[in-house]
Amino acid sequence: MSIRVLLLGGTGEARELAGRLSDDPRYEIVSSLAGRVADPVLPEGRTRIGGFGGVDGLTAWLREEKINAVIDATHPFAAVMTDSAVQAAERAGLPLLILRRPGWTERPGDDWRRVPTLEAAAANLPGVRVFLTTGRKNLDAFAHDAGRWFLVRSVDPPEPPVPPRMTAVLARGPFTVNEELALMREHRVDCLVTKDSGSPMTAAKLTAARTLDLPVVLVDRPPLPPDARVAGTVDEAAAWLHQAG
Ligand SMILES: NC(=O)c1ccc[n+]([C@@H]2O[C@H](COP(=O)([O-])OP(=O)(O)OC[C@H]3O[C@@H](n4cnc5c(N)ncnc54)[C@H](OP(=O)(O)O)[C@@H]3O)[C@@H](O)[C@H]2O)c1
């Protein structure tokens, strides 16, 4: 009998894991997306879209679907979903693994300023033409800053409240270093604000900032739930599942 796995996604790693396991007869993978992006890149295999309705809703869903294991491969900043997954898996008595790639590492010559929150980033901006790649939501931290100009890049349009002086660029990565350099030069950006997602798919902007000698404000990840089992790579997550089976 195959193992039914809920794979909470929304990341490249989740898609990679789904692609790797979808043809494996030992597993039945159900990928889950939040439904935030209007036209999401879908993983291979069965996919469901939308929230579960908190811990209670997810616990009920895990039971109804007779799920045997949960892999939380959501974005490192999707902390509400991760907490909900940990609690629901515990209630349903299921093994859970968090697939979380490591954060980025500063290189010699980089000018990175780590901050705990977007609010702290907004209070410590080292420039006046700010490239914000922190997503289309939670821009309220910058919404009262009329003294600076912001370049906001996101897949779907930014969600109000937004900064009064803002240009939105709607685009879906990954971007090359040359594309990032061209965008930053075109808009005469003088600092970058980003979350420490750690993804190689979104690291080109950091290389471009390094090339242009721009300071980077890096928002730290929210902490992982205590005692959580964590894998740093898709290989490790696949190995955990093979062992769990
Ligand atoms: N936060 C980021 O910077 C970021 C960046 C790139 C991609 N993403 C992806 O975008 C999605 C939403 O991120 P977020 O930061 O808004 O999450 P969040 O704040 O942690 O989650 C809020 C609620 O959205 C629903 N949700 C989140 N991820 C889900 C999933 N994979 N499947 C089903 N429901 C999900 C859950 O609703 P219920 O309580 O109703 O179950 C959850 O309580 C995640 O899948 C994440 O991997 C996030």
# chains A, B, ... in the order shown; residues from 1 in each chain; ligands from 1
>>> closest_atom_pairs(of="chain A", to="ligand 1", cutoff="7 Å", atoms="only C-alpha atoms and all ligand atoms", output="tab-separated table")
residue	atom	partner	partner_atom_place_in_ligand_line	distance
A:Leu8	CA	ligand 1	31 (N)	4.3
A:Gly9	CA	ligand 1	31 (N)	4.4
A:Gly10	CA	ligand 1	47 (O)	3.7
A:Thr11	CA	ligand 1	47 (O)	5.4
A:Ser32	CA	ligand 1	32 (N)	4.3
A:Leu33	CA	ligand 1	32 (N)	3.9
A:Ala34	CA	ligand 1	35 (C)	3.7
A:Arg36	CA	ligand 1	12 (C)	6.2
A:Ile49	CA	ligand 1	33 (C)	6.2
A:Gly50	CA	ligand 1	33 (C)	4.9
A:Gly51	CA	ligand 1	40 (O)	3.4
A:Phe52	CA	ligand 1	41 (O)	3.5
A:Gly53	CA	ligand 1	40 (O)	3.4
A:Gly54	CA	ligand 1	39 (O)	3.5
A:Val55	CA	ligand 1	39 (O)	6.7
A:Gly57	CA	ligand 1	41 (O)	6.8
A:Leu58	CA	ligand 1	41 (O)	6.3
A:Ala73	CA	ligand 1	47 (O)	6.9
A:Thr74	CA	ligand 1	47 (O)	3.4
A:His75	CA	ligand 1	47 (O)	3.8
A:Phe77	CA	ligand 1	1 (N)	4.4
A:Ala78	CA	ligand 1	20 (O)	3.2
A:Ala79	CA	ligand 1	20 (O)	4.3
A:Val80	CA	ligand 1	20 (O)	3.5
A:Met81	CA	ligand 1	20 (O)	3.8
A:Thr82	CA	ligand 1	20 (O)	6.3
A:Ser84	CA	ligand 1	43 (O)	6.6
A:Thr134	CA	ligand 1	3 (O)	6.6
A:Gly135	CA	ligand 1	3 (O)	6.0
>>> write_last_selection(atoms="C-alpha atoms", output="mmCIF file, in the first residue's frame")
data_model
loop_
_atom_site.group_PDB
_atom_site.id
_atom_site.type_symbol
_atom_site.label_atom_id
_atom_site.label_comp_id
_atom_site.auth_asym_id
_atom_site.auth_seq_id
_atom_site.Cartn_x
_atom_site.Cartn_y
_atom_site.Cartn_z
ATOM 1 C CA LEU A 8 2.678 21.871 1.646
ATOM 2 C CA GLY A 9 4.201 23.878 -1.146
ATOM 3 C CA GLY A 10 4.609 27.255 -2.775
ATOM 4 C CA THR A 11 8.369 26.886 -3.246
ATOM 5 C CA SER A 32 -1.076 22.037 -1.491
ATOM 6 C CA LEU A 33 -0.892 25.695 -2.498
ATOM 7 C CA ALA A 34 -2.352 28.659 -0.634
ATOM 8 C CA ARG A 36 -2.236 33.567 -3.297
ATOM 9 C CA ILE A 49 -5.472 24.919 -3.686
ATOM 10 C CA GLY A 50 -6.616 27.108 -0.762
ATOM 11 C CA GLY A 51 -6.362 27.252 3.029
ATOM 12 C CA PHE A 52 -7.581 24.418 5.232
ATOM 13 C CA GLY A 53 -9.268 26.574 7.868
ATOM 14 C CA GLY A 54 -6.612 26.699 10.567
ATOM 15 C CA VAL A 55 -5.366 23.859 12.751
ATOM 16 C CA GLY A 57 -9.526 22.364 9.457
ATOM 17 C CA LEU A 58 -6.159 20.854 8.598
ATOM 18 C CA ALA A 73 7.972 22.715 2.204
ATOM 19 C CA THR A 74 6.445 26.184 2.406
ATOM 20 C CA HIS A 75 8.478 29.358 2.142
ATOM 21 C CA PHE A 77 8.433 33.144 5.920
ATOM 22 C CA ALA A 78 5.132 31.227 5.787
ATOM 23 C CA ALA A 79 5.263 30.816 9.572
ATOM 24 C CA VAL A 80 1.498 30.609 10.163
ATOM 25 C CA MET A 81 1.182 27.618 7.834
ATOM 26 C CA THR A 82 4.201 25.907 9.385
ATOM 27 C CA SER A 84 -0.536 25.071 11.821
ATOM 28 C CA THR A 134 9.719 41.380 0.058
ATOM 29 C CA GLY A 135 6.491 40.447 -1.676
#
>>> residues_around(residues="His187 of chain A", least_positions_apart="3", cutoff="10 Å", atoms="only C-alpha atoms", output="list in words")
Arg129, Val130, Phe131, Phe150, Leu151, Thr167, Ala182, Leu183, Met184 and Asp190 of chain A
>>> closest_residue(among="A:Arg172, A:Pro222, A:Met1, A:Val216", to="Met201 of chain A", atoms="only C-alpha atoms")
A:Arg172
>>> residues_around(residues="Arg165 of chain A", least_positions_apart="2", cutoff="12 Å", atoms="only C-alpha atoms", output="tab-separated table (two decimals) with N, CA and C atoms, in the first residue's frame")
chain	number	residue	atom	x	y	z
A	128	VAL	N	17.70	56.09	-0.46
A	128	VAL	CA	16.46	56.83	-0.74
A	128	VAL	C	15.72	56.30	-1.97
A	129	ARG	N	16.39	55.42	-2.73
A	129	ARG	CA	15.74	54.76	-3.87
A	129	ARG	C	15.83	53.25	-3.61
A	130	VAL	N	14.76	52.74	-3.06
A	130	VAL	CA	14.80	51.44	-2.39
A	130	VAL	C	14.14	50.37	-3.27
A	142	PHE	N	6.16	50.35	4.97
A	142	PHE	CA	6.84	51.41	4.20
A	142	PHE	C	5.85	52.48	3.72
A	143	ALA	N	4.57	52.29	4.06
A	143	ALA	CA	3.52	53.11	3.44
A	143	ALA	C	3.52	54.56	3.91
A	144	HIS	N	4.19	54.85	5.04
A	144	HIS	CA	4.17	56.23	5.53
A	144	HIS	C	5.46	56.97	5.18
A	145	ASP	N	6.29	56.32	4.37
A	145	ASP	CA	7.57	56.92	4.04
A	145	ASP	C	7.44	57.71	2.73
A	146	ALA	N	7.16	59.00	2.88
A	146	ALA	CA	6.98	59.84	1.69
A	146	ALA	C	8.32	60.42	1.22
A	147	GLY	N	9.36	60.23	2.01
A	147	GLY	CA	10.66	60.82	1.67
A	147	GLY	C	11.48	59.95	0.72
A	148	ARG	N	11.05	58.72	0.54
A	148	ARG	CA	11.83	57.81	-0.32
A	148	ARG	C	10.98	57.34	-1.49
A	149	TRP	N	11.67	56.85	-2.51
A	149	TRP	CA	10.98	56.25	-3.65
A	149	TRP	C	11.25	54.74	-3.60
A	150	PHE	N	10.23	53.95	-3.91
A	150	PHE	CA	10.35	52.49	-3.80
A	150	PHE	C	10.08	51.81	-5.15
A	151	LEU	N	10.90	50.86	-5.45
A	151	LEU	CA	10.65	49.97	-6.58
A	151	LEU	C	10.18	48.64	-5.98
A	152	VAL	N	8.94	48.27	-6.29
A	152	VAL	CA	8.39	47.04	-5.72
A	152	VAL	C	8.19	46.02	-6.84
A	161	PRO	N	-2.06	48.98	2.01
A	161	PRO	CA	-1.41	50.27	1.75
A	161	PRO	C	0.02	50.13	1.22
A	162	VAL	N	0.36	51.01	0.28
A	162	VAL	CA	1.68	50.97	-0.35
A	162	VAL	C	2.34	52.34	-0.17
A	163	PRO	N	3.65	52.43	-0.37
A	163	PRO	CA	4.31	53.74	-0.24
A	163	PRO	C	3.77	54.74	-1.27
A	167	THR	N	7.04	52.62	-7.72
A	167	THR	CA	6.84	52.03	-9.05
A	167	THR	C	6.74	50.52	-8.86
A	168	ALA	N	5.69	49.92	-9.41
A	168	ALA	CA	5.54	48.47	-9.29
A	168	ALA	C	5.98	47.80	-10.60
>>> atom_distance(atom1="atom CA of Pro226 of chain A", atom2="atom CA of Ile67 of chain A")
23.2 Å
>>> atom_distance(atom1="atom CA of Asp213 of chain A", atom2="atom CA of Arg188 of chain A")
12.5 Å
>>> select_by_dssp(residues="segment 31-155 of chain A", states="helix (DSSP H, G or I)", output="NGL selection string")
:A and (54-64 or 79-92 or 118-123 or 139-142)
>>> decode(residues="segment 3-37 of chain A", atoms="N, CA, C and O atoms", output="JSON list (two decimals), in the first residue's frame")
[["chain", "number", "residue", "atom", "x", "y", "z"],
["A", 3, "ILE", "N", 2.09, 5.21, 0.57],
["A", 3, "ILE", "CA", 2.02, 6.19, 1.67],
["A", 3, "ILE", "C", 1.44, 7.48, 1.12],
["A", 3, "ILE", "O", 1.90, 8.00, 0.09],
["A", 4, "ARG", "N", 0.42, 7.98, 1.81],
["A", 4, "ARG", "CA", -0.20, 9.24, 1.36],
["A", 4, "ARG", "C", 0.46, 10.41, 2.08],
["A", 4, "ARG", "O", 0.48, 10.46, 3.30],
["A", 5, "VAL", "N", 0.99, 11.31, 1.27],
["A", 5, "VAL", "CA", 1.79, 12.41, 1.81],
["A", 5, "VAL", "C", 1.17, 13.75, 1.44],
["A", 5, "VAL", "O", 0.90, 14.01, 0.27],
["A", 6, "LEU", "N", 0.95, 14.59, 2.45],
["A", 6, "LEU", "CA", 0.59, 15.98, 2.16],
["A", 6, "LEU", "C", 1.87, 16.78, 2.05],
["A", 6, "LEU", "O", 2.69, 16.80, 2.97],
["A", 7, "LEU", "N", 2.06, 17.44, 0.90],
["A", 7, "LEU", "CA", 3.25, 18.26, 0.66],
["A", 7, "LEU", "C", 2.81, 19.71, 0.56],
["A", 7, "LEU", "O", 2.21, 20.12, -0.44],
["A", 8, "LEU", "N", 3.06, 20.46, 1.63],
["A", 8, "LEU", "CA", 2.68, 21.87, 1.65],
["A", 8, "LEU", "C", 3.72, 22.64, 0.84],
["A", 8, "LEU", "O", 4.92, 22.59, 1.15],
["A", 9, "GLY", "N", 3.25, 23.34, -0.18],
["A", 9, "GLY", "CA", 4.20, 23.88, -1.15],
["A", 9, "GLY", "C", 4.20, 25.39, -1.28],
["A", 9, "GLY", "O", 3.96, 26.12, -0.33],
["A", 10, "GLY", "N", 4.46, 25.83, -2.50],
["A", 10, "GLY", "CA", 4.61, 27.25, -2.78],
["A", 10, "GLY", "C", 6.06, 27.65, -2.95],
["A", 10, "GLY", "O", 6.39, 28.83, -2.97],
["A", 11, "THR", "N", 6.93, 26.63, -3.07],
["A", 11, "THR", "CA", 8.37, 26.89, -3.25],
["A", 11, "THR", "C", 8.91, 26.00, -4.38],
["A", 11, "THR", "O", 8.30, 24.99, -4.74],
["A", 12, "GLY", "N", 10.09, 26.36, -4.88],
["A", 12, "GLY", "CA", 10.75, 25.54, -5.90],
["A", 12, "GLY", "C", 11.09, 24.16, -5.36],
["A", 12, "GLY", "O", 10.97, 23.15, -6.05],
["A", 13, "GLU", "N", 11.51, 24.12, -4.09],
["A", 13, "GLU", "CA", 11.87, 22.82, -3.48],
["A", 13, "GLU", "C", 10.65, 21.89, -3.43],
["A", 13, "GLU", "O", 10.77, 20.69, -3.66],
["A", 14, "ALA", "N", 9.48, 22.45, -3.10],
["A", 14, "ALA", "CA", 8.27, 21.62, -3.03],
["A", 14, "ALA", "C", 7.96, 21.06, -4.42],
["A", 14, "ALA", "O", 7.61, 19.88, -4.56],
["A", 15, "ARG", "N", 8.09, 21.91, -5.44],
["A", 15, "ARG", "CA", 7.82, 21.42, -6.82],
["A", 15, "ARG", "C", 8.83, 20.34, -7.20],
["A", 15, "ARG", "O", 8.49, 19.34, -7.83],
["A", 16, "GLU", "N", 10.09, 20.55, -6.81],
["A", 16, "GLU", "CA", 11.12, 19.56, -7.16],
["A", 16, "GLU", "C", 10.82, 18.23, -6.48],
["A", 16, "GLU", "O", 10.91, 17.16, -7.11],
["A", 17, "LEU", "N", 10.44, 18.28, -5.21],
["A", 17, "LEU", "CA", 10.14, 17.04, -4.48],
["A", 17, "LEU", "C", 8.90, 16.36, -5.08],
["A", 17, "LEU", "O", 8.90, 15.14, -5.27],
["A", 18, "ALA", "N", 7.89, 17.13, -5.40],
["A", 18, "ALA", "CA", 6.68, 16.55, -6.01],
["A", 18, "ALA", "C", 7.04, 15.90, -7.34],
["A", 18, "ALA", "O", 6.57, 14.79, -7.65],
["A", 19, "GLY", "N", 7.87, 16.57, -8.13],
["A", 19, "GLY", "CA", 8.28, 16.00, -9.42],
["A", 19, "GLY", "C", 9.04, 14.70, -9.25],
["A", 19, "GLY", "O", 8.84, 13.74, -9.98],
["A", 20, "ARG", "N", 9.87, 14.65, -8.23],
["A", 20, "ARG", "CA", 10.70, 13.47, -8.01],
["A", 20, "ARG", "C", 9.87, 12.27, -7.52],
["A", 20, "ARG", "O", 10.15, 11.13, -7.85],
["A", 21, "LEU", "N", 8.83, 12.56, -6.72],
["A", 21, "LEU", "CA", 8.08, 11.46, -6.10],
["A", 21, "LEU", "C", 6.80, 11.09, -6.84],
["A", 21, "LEU", "O", 6.19, 10.07, -6.54],
["A", 22, "SER", "N", 6.39, 11.92, -7.81],
["A", 22, "SER", "CA", 5.06, 11.71, -8.41],
["A", 22, "SER", "C", 4.97, 10.38, -9.17],
["A", 22, "SER", "O", 3.88, 9.80, -9.26],
["A", 23, "ASP", "N", 6.10, 9.90, -9.70],
["A", 23, "ASP", "CA", 6.06, 8.63, -10.43],
["A", 23, "ASP", "C", 6.41, 7.43, -9.57],
["A", 23, "ASP", "O", 6.48, 6.30, -10.05],
["A", 24, "ASP", "N", 6.68, 7.67, -8.30],
["A", 24, "ASP", "CA", 7.13, 6.60, -7.42],
["A", 24, "ASP", "C", 5.89, 5.89, -6.83],
["A", 24, "ASP", "O", 5.12, 6.51, -6.09],
["A", 25, "PRO", "N", 5.70, 4.61, -7.17],
["A", 25, "PRO", "CA", 4.47, 3.94, -6.74],
["A", 25, "PRO", "C", 4.35, 3.78, -5.22],
["A", 25, "PRO", "O", 3.28, 3.46, -4.72],
["A", 26, "ARG", "N", 5.45, 4.03, -4.50],
["A", 26, "ARG", "CA", 5.39, 3.89, -3.04],
["A", 26, "ARG", "C", 4.61, 5.04, -2.39],
["A", 26, "ARG", "O", 4.23, 4.96, -1.24],
["A", 27, "TYR", "N", 4.43, 6.13, -3.16],
["A", 27, "TYR", "CA", 3.82, 7.32, -2.56],
["A", 27, "TYR", "C", 2.67, 7.86, -3.38],
["A", 27, "TYR", "O", 2.65, 7.74, -4.60],
["A", 28, "GLU", "N", 1.73, 8.43, -2.65],
["A", 28, "GLU", "CA", 0.67, 9.25, -3.27],
["A", 28, "GLU", "C", 0.86, 10.65, -2.72],
["A", 28, "GLU", "O", 0.61, 10.88, -1.53],
["A", 29, "ILE", "N", 1.30, 11.55, -3.55],
["A", 29, "ILE", "CA", 1.61, 12.90, -3.08],
["A", 29, "ILE", "C", 0.44, 13.83, -3.40],
["A", 29, "ILE", "O", -0.05, 13.86, -4.54],
["A", 30, "VAL", "N", 0.01, 14.57, -2.39],
["A", 30, "VAL", "CA", -0.96, 15.64, -2.61],
["A", 30, "VAL", "C", -0.25, 16.96, -2.30],
["A", 30, "VAL", "O", 0.09, 17.22, -1.14],
["A", 31, "SER", "N", 0.01, 17.76, -3.34],
["A", 31, "SER", "CA", 0.62, 19.07, -3.10],
["A", 31, "SER", "C", -0.47, 20.05, -2.73],
["A", 31, "SER", "O", -1.61, 19.96, -3.22],
["A", 32, "SER", "N", -0.11, 21.02, -1.90],
["A", 32, "SER", "CA", -1.08, 22.04, -1.49],
["A", 32, "SER", "C", -0.50, 23.43, -1.69],
["A", 32, "SER", "O", 0.63, 23.70, -1.28],
["A", 33, "LEU", "N", -1.28, 24.29, -2.31],
["A", 33, "LEU", "CA", -0.89, 25.70, -2.50],
["A", 33, "LEU", "C", -1.91, 26.58, -1.81],
["A", 33, "LEU", "O", -3.10, 26.24, -1.72],
["A", 34, "ALA", "N", -1.45, 27.76, -1.36],
["A", 34, "ALA", "CA", -2.35, 28.66, -0.63],
["A", 34, "ALA", "C", -3.37, 29.32, -1.56],
["A", 34, "ALA", "O", -4.45, 29.70, -1.13],
["A", 35, "GLY", "N", -3.00, 29.49, -2.82],
["A", 35, "GLY", "CA", -3.90, 30.16, -3.76],
["A", 35, "GLY", "C", -3.70, 31.67, -3.78],
["A", 35, "GLY", "O", -4.58, 32.42, -4.18],
["A", 36, "ARG", "N", -2.51, 32.13, -3.33],
["A", 36, "ARG", "CA", -2.24, 33.57, -3.30],
["A", 36, "ARG", "C", -1.96, 34.13, -4.69],
["A", 36, "ARG", "O", -2.30, 35.27, -4.98],
["A", 37, "VAL", "N", -1.28, 33.34, -5.51],
["A", 37, "VAL", "CA", -0.86, 33.82, -6.83],
["A", 37, "VAL", "C", -1.95, 33.48, -7.83],
["A", 37, "VAL", "O", -2.50, 32.37, -7.83]]
